[in-house]
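For reference, my_file-v9.txt is printed below; it contains compact mmCIF, C-alpha atoms.
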```
# COMPACT_ATOMS: atom_id res chain seq x y z
CA MET A 194 0.00 0.00 0.00
CA ARG A 195 1.17 3.53 -0.73
CA GLN A 196 2.38 5.52 2.28
CA LEU A 197 -0.18 7.92 3.76
CA THR A 198 0.55 11.63 3.53
CA ARG A 199 1.57 13.25 6.79
CA PRO A 200 -1.82 14.99 7.36
CA ALA A 201 -3.72 11.79 6.53
CA ARG A 202 -1.48 9.72 8.82
CA ARG A 203 -1.88 12.18 11.69
CA GLY A 204 -5.64 12.39 11.25
CA LEU A 205 -5.99 8.61 11.11
CA LEU A 206 -3.71 8.24 14.12
CA VAL A 207 -5.95 10.58 16.13
CA VAL A 208 -9.02 8.57 15.07
CA HIS A 209 -7.30 5.29 15.99
CA VAL A 210 -6.15 6.50 19.41
CA VAL A 211 -9.52 8.04 20.29
CA VAL A 212 -11.47 4.96 19.19
CA SER A 213 -9.06 2.53 20.86
CA VAL A 214 -9.04 4.40 24.16
CA GLY A 215 -12.82 4.72 23.83
CA TRP A 216 -13.02 0.93 23.49
CA LEU A 217 -10.98 0.60 26.68
CA GLY A 218 -13.28 3.04 28.50
CA LEU A 219 -16.40 1.39 27.15
CA THR A 220 -15.14 -1.95 28.42
CA LEU A 221 -14.52 -0.43 31.84
CA GLY A 222 -18.13 0.81 31.83
CA VAL A 223 -19.43 -2.63 30.83
CA LEU A 224 -17.36 -4.17 33.64
CA ALA A 225 -18.78 -1.67 36.16
CA LEU A 226 -22.31 -2.52 35.02
CA GLY A 227 -21.58 -6.26 35.23
CA ILE A 228 -20.33 -5.87 38.80
CA THR A 229 -23.32 -3.67 39.67
CA GLY A 230 -25.75 -6.23 38.24
CA ALA A 231 -24.09 -9.16 40.00
CA THR A 232 -23.98 -7.43 43.40
CA ALA A 233 -27.29 -5.58 43.19
CA GLY A 234 -29.52 -5.63 46.23
CA SER A 235 -32.71 -5.89 44.18
CA ALA A 236 -33.95 -7.33 40.92
CA ASP A 237 -34.84 -3.82 39.71
CA GLU A 238 -31.30 -2.55 40.31
CA ALA A 239 -29.78 -5.59 38.59
CA GLY A 240 -32.21 -5.21 35.69
CA ALA A 241 -31.26 -1.57 35.25
CA ALA A 242 -27.56 -2.49 35.13
CA TYR A 243 -28.12 -5.22 32.56
CA ARG A 244 -30.39 -3.00 30.46
CA SER A 245 -27.66 -0.34 30.41
CA MET A 246 -25.08 -2.97 29.54
CA ASN A 247 -27.29 -4.09 26.67
CA VAL A 248 -27.54 -0.55 25.27
CA LEU A 249 -23.75 -0.19 25.30
CA GLY A 250 -23.38 -3.59 23.70
CA ASP A 251 -25.99 -2.99 21.02
CA TRP A 252 -24.85 0.47 19.97
CA LEU A 253 -21.15 0.77 20.75
CA LEU A 254 -19.15 -2.40 21.34
CA ILE A 255 -19.11 -3.83 17.83
CA PRO A 256 -18.78 -0.53 15.88
CA ILE A 257 -15.97 0.73 18.13
CA SER A 258 -14.08 -2.56 18.07
CA LEU A 259 -14.34 -2.74 14.27
CA LEU A 260 -13.30 0.90 13.84
CA SER A 261 -10.28 0.30 16.07
CA LEU A 262 -9.34 -2.77 14.02
CA VAL A 263 -9.80 -1.10 10.63
CA SER A 264 -8.05 2.14 11.57
CA GLY A 265 -5.13 0.13 12.97
CA ILE A 266 -4.82 -1.95 9.81
CA VAL A 267 -4.90 1.12 7.55
CA LEU A 268 -2.34 2.88 9.76
CA SER A 269 -0.01 -0.10 9.75
CA LEU A 270 -0.24 -0.60 6.00
CA GLY A 271 0.08 3.12 5.22
CA THR A 272 3.11 3.81 7.41
CA PRO A 273 6.64 2.43 7.70
CA TRP A 274 5.58 0.34 10.70
CA GLY A 275 3.86 -2.18 8.42
CA LEU A 276 1.50 -4.93 9.53
CA ALA A 277 4.09 -7.70 9.89
CA ARG A 278 7.41 -5.83 10.13
CA HIS A 279 7.46 -5.15 13.87
CA ARG A 280 6.47 -7.68 16.50
CA TRP A 281 4.48 -5.19 18.58
CA VAL A 282 2.28 -4.27 15.58
CA TYR A 283 1.78 -7.93 14.73
CA VAL A 284 0.82 -8.77 18.33
CA LYS A 285 -1.58 -5.81 18.43
CA PHE A 286 -3.21 -6.94 15.19
CA TRP A 287 -3.84 -10.50 16.36
CA LEU A 288 -4.98 -9.56 19.85
CA THR A 289 -7.35 -6.97 18.38
CA MET A 290 -8.73 -9.59 15.96
CA ILE A 291 -9.26 -12.06 18.81
CA THR A 292 -10.87 -9.54 21.16
CA THR A 293 -13.11 -8.16 18.40
CA ALA A 294 -14.33 -11.69 17.64
CA ALA A 295 -14.77 -12.47 21.35
CA THR A 296 -16.74 -9.25 21.81
CA ALA A 297 -18.96 -9.98 18.82
CA PHE A 298 -19.63 -13.64 19.47
CA ALA A 299 -19.15 -14.33 23.18
CA LEU A 300 -19.71 -11.15 25.19
CA ARG A 301 -22.61 -9.92 23.04
CA ALA A 302 -24.30 -13.31 23.30
CA ARG A 303 -23.94 -13.29 27.08
CA ILE A 304 -25.30 -9.74 27.34
CA ASP A 305 -28.25 -10.74 25.10
CA SER A 306 -28.91 -13.74 27.35
CA ALA A 307 -28.87 -11.56 30.47
CA MET A 308 -31.23 -9.11 28.79
CA ALA A 309 -33.61 -11.95 27.87
CA ASP A 310 -33.63 -13.02 31.53
CA VAL A 311 -34.36 -9.46 32.65
CA VAL A 312 -37.21 -9.05 30.15
CA ALA A 313 -38.71 -12.41 31.18
CA GLY A 314 -38.50 -11.45 34.86
CA ARG A 315 -36.02 -14.23 35.69
CA ALA A 316 -32.85 -13.93 37.73
CA VAL A 317 -29.82 -13.50 35.45
CA GLY A 318 -27.76 -16.67 35.43
CA ALA A 319 -23.96 -16.96 35.33
CA THR A 320 -23.24 -13.34 36.16
CA THR A 321 -19.52 -14.15 36.51
CA ASP A 322 -19.34 -14.25 32.68
CA LEU A 323 -20.46 -10.62 32.61
CA ILE A 324 -17.62 -9.70 34.97
CA LEU A 325 -14.88 -12.03 33.74
CA ALA A 326 -15.14 -11.22 30.01
CA PRO A 327 -14.85 -7.43 30.39
CA SER A 328 -12.08 -7.91 32.98
CA VAL A 329 -10.00 -9.95 30.54
CA SER A 330 -10.76 -7.47 27.74
CA LEU A 331 -9.74 -4.56 29.92
CA GLY A 332 -6.42 -6.26 30.66
CA VAL A 333 -5.82 -6.94 26.97
CA TYR A 334 -6.66 -3.35 25.93
CA THR A 335 -4.38 -1.95 28.63
CA PHE A 336 -1.60 -4.23 27.35
CA LEU A 337 -2.25 -3.10 23.76
CA THR A 338 -2.08 0.54 24.84
CA ALA A 339 1.19 -0.11 26.67
CA ILE A 340 2.89 -1.81 23.72
CA SER A 341 1.71 1.00 21.45
CA VAL A 342 3.63 3.43 23.61
CA ILE A 343 6.68 1.26 24.42
CA LYS A 344 7.01 -0.47 21.00
CA PRO A 345 8.96 -3.49 22.29
CA TRP A 346 10.47 -6.62 20.69
CA GLY A 347 12.01 -5.32 17.47
CA LEU A 348 11.51 -6.59 13.94
CA THR A 349 9.84 -9.77 12.75
CA ALA A 350 11.71 -12.09 10.36
CA ARG A 351 9.87 -10.40 7.48
CA GLY A 352 10.86 -6.98 8.83
CA ARG A 353 14.52 -8.02 9.02
CA ARG A 354 14.40 -9.29 5.41
CA LEU A 355 12.81 -6.05 4.20
CA ARG A 356 15.36 -3.94 6.06
CA ALA A 357 18.24 -5.98 4.61
CA THR A 358 16.79 -5.61 1.09
CA LYS A 359 16.52 -1.81 1.48
CA ARG A 360 20.17 -1.55 2.58
CA ARG A 361 21.44 -3.17 -0.61
```
Here is the file; what I need is its structure written in the form of structure tokens.
Amino acid sequence: MRQLTRPARRGLLVVHVVVSVGWLGLTLGVLALGITGATAGSADEAGAAYRSMNVLGDWLLIPISLLSLVSGIVLSLGTPWGLARHRWVYVKFWLTMITTAATAFALRARIDSAMADVVAGRAVGATTDLILAPSVSLGVYTFLTAISVIKPWGLTARGRRLRATKRR
């Protein structure tokens, strides 16, 4: 892919950082709601927490996770960092793919199940899933943020080959 111009790269970087940090904050909010629902003193309080969690899941989780993934891919392909040249970028890509899929298929399904219980007037079962999943996600997103800042581990084998080819 052709390198992005400096203004395009900067603009896309701002979008990527805002969306990615937003995803981290959204996950923290979902975790807080999961804890609130699991420890609620009444069915009404728990229901309100799970209804709020459902709104965040329906309207924000998937779009923000996908925008973070897409903006990261475009940034990596349109800058010298590349998608598979540096280990930290490669790790970020795969962890973002895994967490996006887990959000779409596991967490969303569990939130939908909790919402169905609330609507039916039943007690929400397996509330630990609604605490554990966002907790793991929060840890992963914090790690991804840290490696974005620190940029550890150096080049991949492909990155070393490309660098050697450029020096010739």
Could you make a table, as a tab-separated table, of the residues of region 238-302 of chain A that have an atom within 9 Å of an atom of region 204-222 of chain A, each with its nearest atom pair and distance in Å to one decimal, counting all atoms listed in the file, in chain and number order?
```
residue	atom	partner	partner_atom	distance
A:Met246	CA	A:Gly222	CA	8.2
A:Leu249	CA	A:Leu219	CA	7.7
A:Leu253	CA	A:Leu219	CA	8.0
A:Leu254	CA	A:Trp216	CA	7.3
A:Ile257	CA	A:Trp216	CA	6.1
A:Ser258	CA	A:Trp216	CA	6.5
A:Leu260	CA	A:Val212	CA	7.0
A:Ser261	CA	A:Ser213	CA	5.4
A:Leu262	CA	A:His209	CA	8.5
A:Val263	CA	A:His209	CA	8.7
A:Ser264	CA	A:His209	CA	5.5
A:Gly265	CA	A:His209	CA	6.4
A:Val267	CA	A:Leu205	CA	8.4
A:Leu268	CA	A:Leu205	CA	6.9
```
Problem - Spatial neighbours of Ala307 (chain A), 12 Å, all atoms listed in the file, chain gap at least 2 places, as a ChimeraX atom specification - result: /A:227,230-231,239-247,250,300-305,309-323
Exercise for the section: Measure the distance from CA of Asp237 (chain A) to CA of Ala299 (chain A) in Å and round it to one decimal. Expected result: 25.1 Å
Provide an axis-aligned box for all listed atoms of region 302-308 of chain A, padding each side by 5 Å; report its centre and its edge lengths in Å to one decimal, as lines of an AutoDock Vina configuration file.
```
center_x = -27.6
center_y = -11.4
center_z = 26.9
size_x = 17.3
size_y = 14.6
size_z = 17.2
```
Practice task
Give me the residues within 9 Å of region 282-289 of chain A as a ChimeraX atom specification, counting only C-alpha atoms and dropping any in the same chain fewer than 3 places off.
Solution key: /A:258,261-262,265-266,269,274-279,292-294,333-334,337,340-341,344,349
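Here CA of Thr296 (chain A) is placed at a distance of 9.0 Å from CA of Pro327 (chain A).
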Problem - Counting all atoms listed in the file, the option among A:Pro256, A:Asp251, A:Ala326, A:Pro273 closest to Gly352 (chain A) - result: A:Pro273
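If you look at CA of Leu355 (chain A) and CA of Ile343 (chain A), they are 22.4 Å away from each other.
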Starting from the incomplete input, reconstruct N, CA, C and O atoms of region 215-239 of chain A and report them as a tab-separated table (two decimals), in the coordinates of the input.
```tsv
chain	number	residue	atom	x	y	z
A	215	GLY	N	-11.37	4.79	23.60
A	215	GLY	CA	-12.82	4.72	23.83
A	215	GLY	C	-13.27	3.29	24.06
A	215	GLY	O	-14.13	3.02	24.92
A	216	TRP	N	-12.70	2.36	23.32
A	216	TRP	CA	-13.02	0.93	23.49
A	216	TRP	C	-12.60	0.47	24.89
A	216	TRP	O	-13.34	-0.25	25.56
A	217	LEU	N	-11.45	0.92	25.34
A	217	LEU	CA	-10.98	0.60	26.68
A	217	LEU	C	-11.95	1.16	27.72
A	217	LEU	O	-12.37	0.47	28.65
A	218	GLY	N	-12.34	2.42	27.57
A	218	GLY	CA	-13.28	3.04	28.50
A	218	GLY	C	-14.65	2.40	28.47
A	218	GLY	O	-15.29	2.21	29.52
A	219	LEU	N	-15.12	2.07	27.30
A	219	LEU	CA	-16.40	1.39	27.15
A	219	LEU	C	-16.37	0.05	27.88
A	219	LEU	O	-17.33	-0.32	28.56
A	220	THR	N	-15.29	-0.67	27.75
A	220	THR	CA	-15.14	-1.95	28.42
A	220	THR	C	-15.14	-1.77	29.93
A	220	THR	O	-15.73	-2.58	30.66
A	221	LEU	N	-14.49	-0.73	30.41
A	221	LEU	CA	-14.52	-0.43	31.84
A	221	LEU	C	-15.95	-0.17	32.30
A	221	LEU	O	-16.38	-0.64	33.37
A	222	GLY	N	-16.72	0.56	31.50
A	222	GLY	CA	-18.13	0.81	31.83
A	222	GLY	C	-18.95	-0.47	31.84
A	222	GLY	O	-19.78	-0.68	32.75
A	223	VAL	N	-18.72	-1.35	30.87
A	223	VAL	CA	-19.43	-2.63	30.83
A	223	VAL	C	-19.07	-3.47	32.05
A	223	VAL	O	-19.92	-4.11	32.66
A	224	LEU	N	-17.79	-3.45	32.44
A	224	LEU	CA	-17.36	-4.17	33.64
A	224	LEU	C	-18.05	-3.61	34.88
A	224	LEU	O	-18.55	-4.38	35.72
A	225	ALA	N	-18.11	-2.29	35.00
A	225	ALA	CA	-18.78	-1.67	36.16
A	225	ALA	C	-20.25	-2.08	36.21
A	225	ALA	O	-20.79	-2.38	37.29
A	226	LEU	N	-20.90	-2.11	35.05
A	226	LEU	CA	-22.31	-2.52	35.02
A	226	LEU	C	-22.47	-4.01	35.35
A	226	LEU	O	-23.43	-4.39	36.02
A	227	GLY	N	-21.54	-4.84	34.90
A	227	GLY	CA	-21.58	-6.26	35.23
A	227	GLY	C	-21.43	-6.49	36.73
A	227	GLY	O	-22.15	-7.31	37.32
A	228	ILE	N	-20.51	-5.76	37.35
A	228	ILE	CA	-20.33	-5.87	38.80
A	228	ILE	C	-21.57	-5.36	39.52
A	228	ILE	O	-22.05	-5.98	40.48
A	229	THR	N	-22.11	-4.24	39.06
A	229	THR	CA	-23.32	-3.67	39.67
A	229	THR	C	-24.48	-4.66	39.58
A	229	THR	O	-25.20	-4.88	40.56
A	230	GLY	N	-24.66	-5.27	38.41
A	230	GLY	CA	-25.75	-6.23	38.24
A	230	GLY	C	-25.58	-7.46	39.12
A	230	GLY	O	-26.54	-7.96	39.70
A	231	ALA	N	-24.35	-7.95	39.22
A	231	ALA	CA	-24.09	-9.16	40.00
A	231	ALA	C	-24.23	-8.93	41.51
A	231	ALA	O	-24.57	-9.85	42.25
A	232	THR	N	-23.96	-7.71	41.95
A	232	THR	CA	-23.98	-7.43	43.40
A	232	THR	C	-25.20	-6.61	43.82
A	232	THR	O	-25.27	-6.17	44.97
A	233	ALA	N	-26.12	-6.42	42.91
A	233	ALA	CA	-27.29	-5.58	43.19
A	233	ALA	C	-28.11	-6.15	44.34
A	233	ALA	O	-28.23	-7.36	44.51
A	234	GLY	N	-28.68	-5.23	45.09
A	234	GLY	CA	-29.52	-5.63	46.23
A	234	GLY	C	-30.94	-5.98	45.83
A	234	GLY	O	-31.67	-6.58	46.61
A	235	SER	N	-31.34	-5.61	44.62
A	235	SER	CA	-32.71	-5.89	44.18
A	235	SER	C	-32.72	-6.27	42.71
A	235	SER	O	-31.79	-5.96	41.96
A	236	ALA	N	-33.80	-6.93	42.31
A	236	ALA	CA	-33.95	-7.33	40.92
A	236	ALA	C	-34.08	-6.11	40.01
A	236	ALA	O	-33.59	-6.12	38.87
A	237	ASP	N	-34.69	-5.04	40.51
A	237	ASP	CA	-34.84	-3.82	39.71
A	237	ASP	C	-33.48	-3.18	39.44
A	237	ASP	O	-33.20	-2.73	38.33
A	238	GLU	N	-32.63	-3.13	40.46
A	238	GLU	CA	-31.30	-2.55	40.31
A	238	GLU	C	-30.45	-3.39	39.34
A	238	GLU	O	-29.78	-2.85	38.47
A	239	ALA	N	-30.52	-4.70	39.49
A	239	ALA	CA	-29.78	-5.59	38.59
A	239	ALA	C	-30.30	-5.44	37.16
A	239	ALA	O	-29.52	-5.37	36.21
```
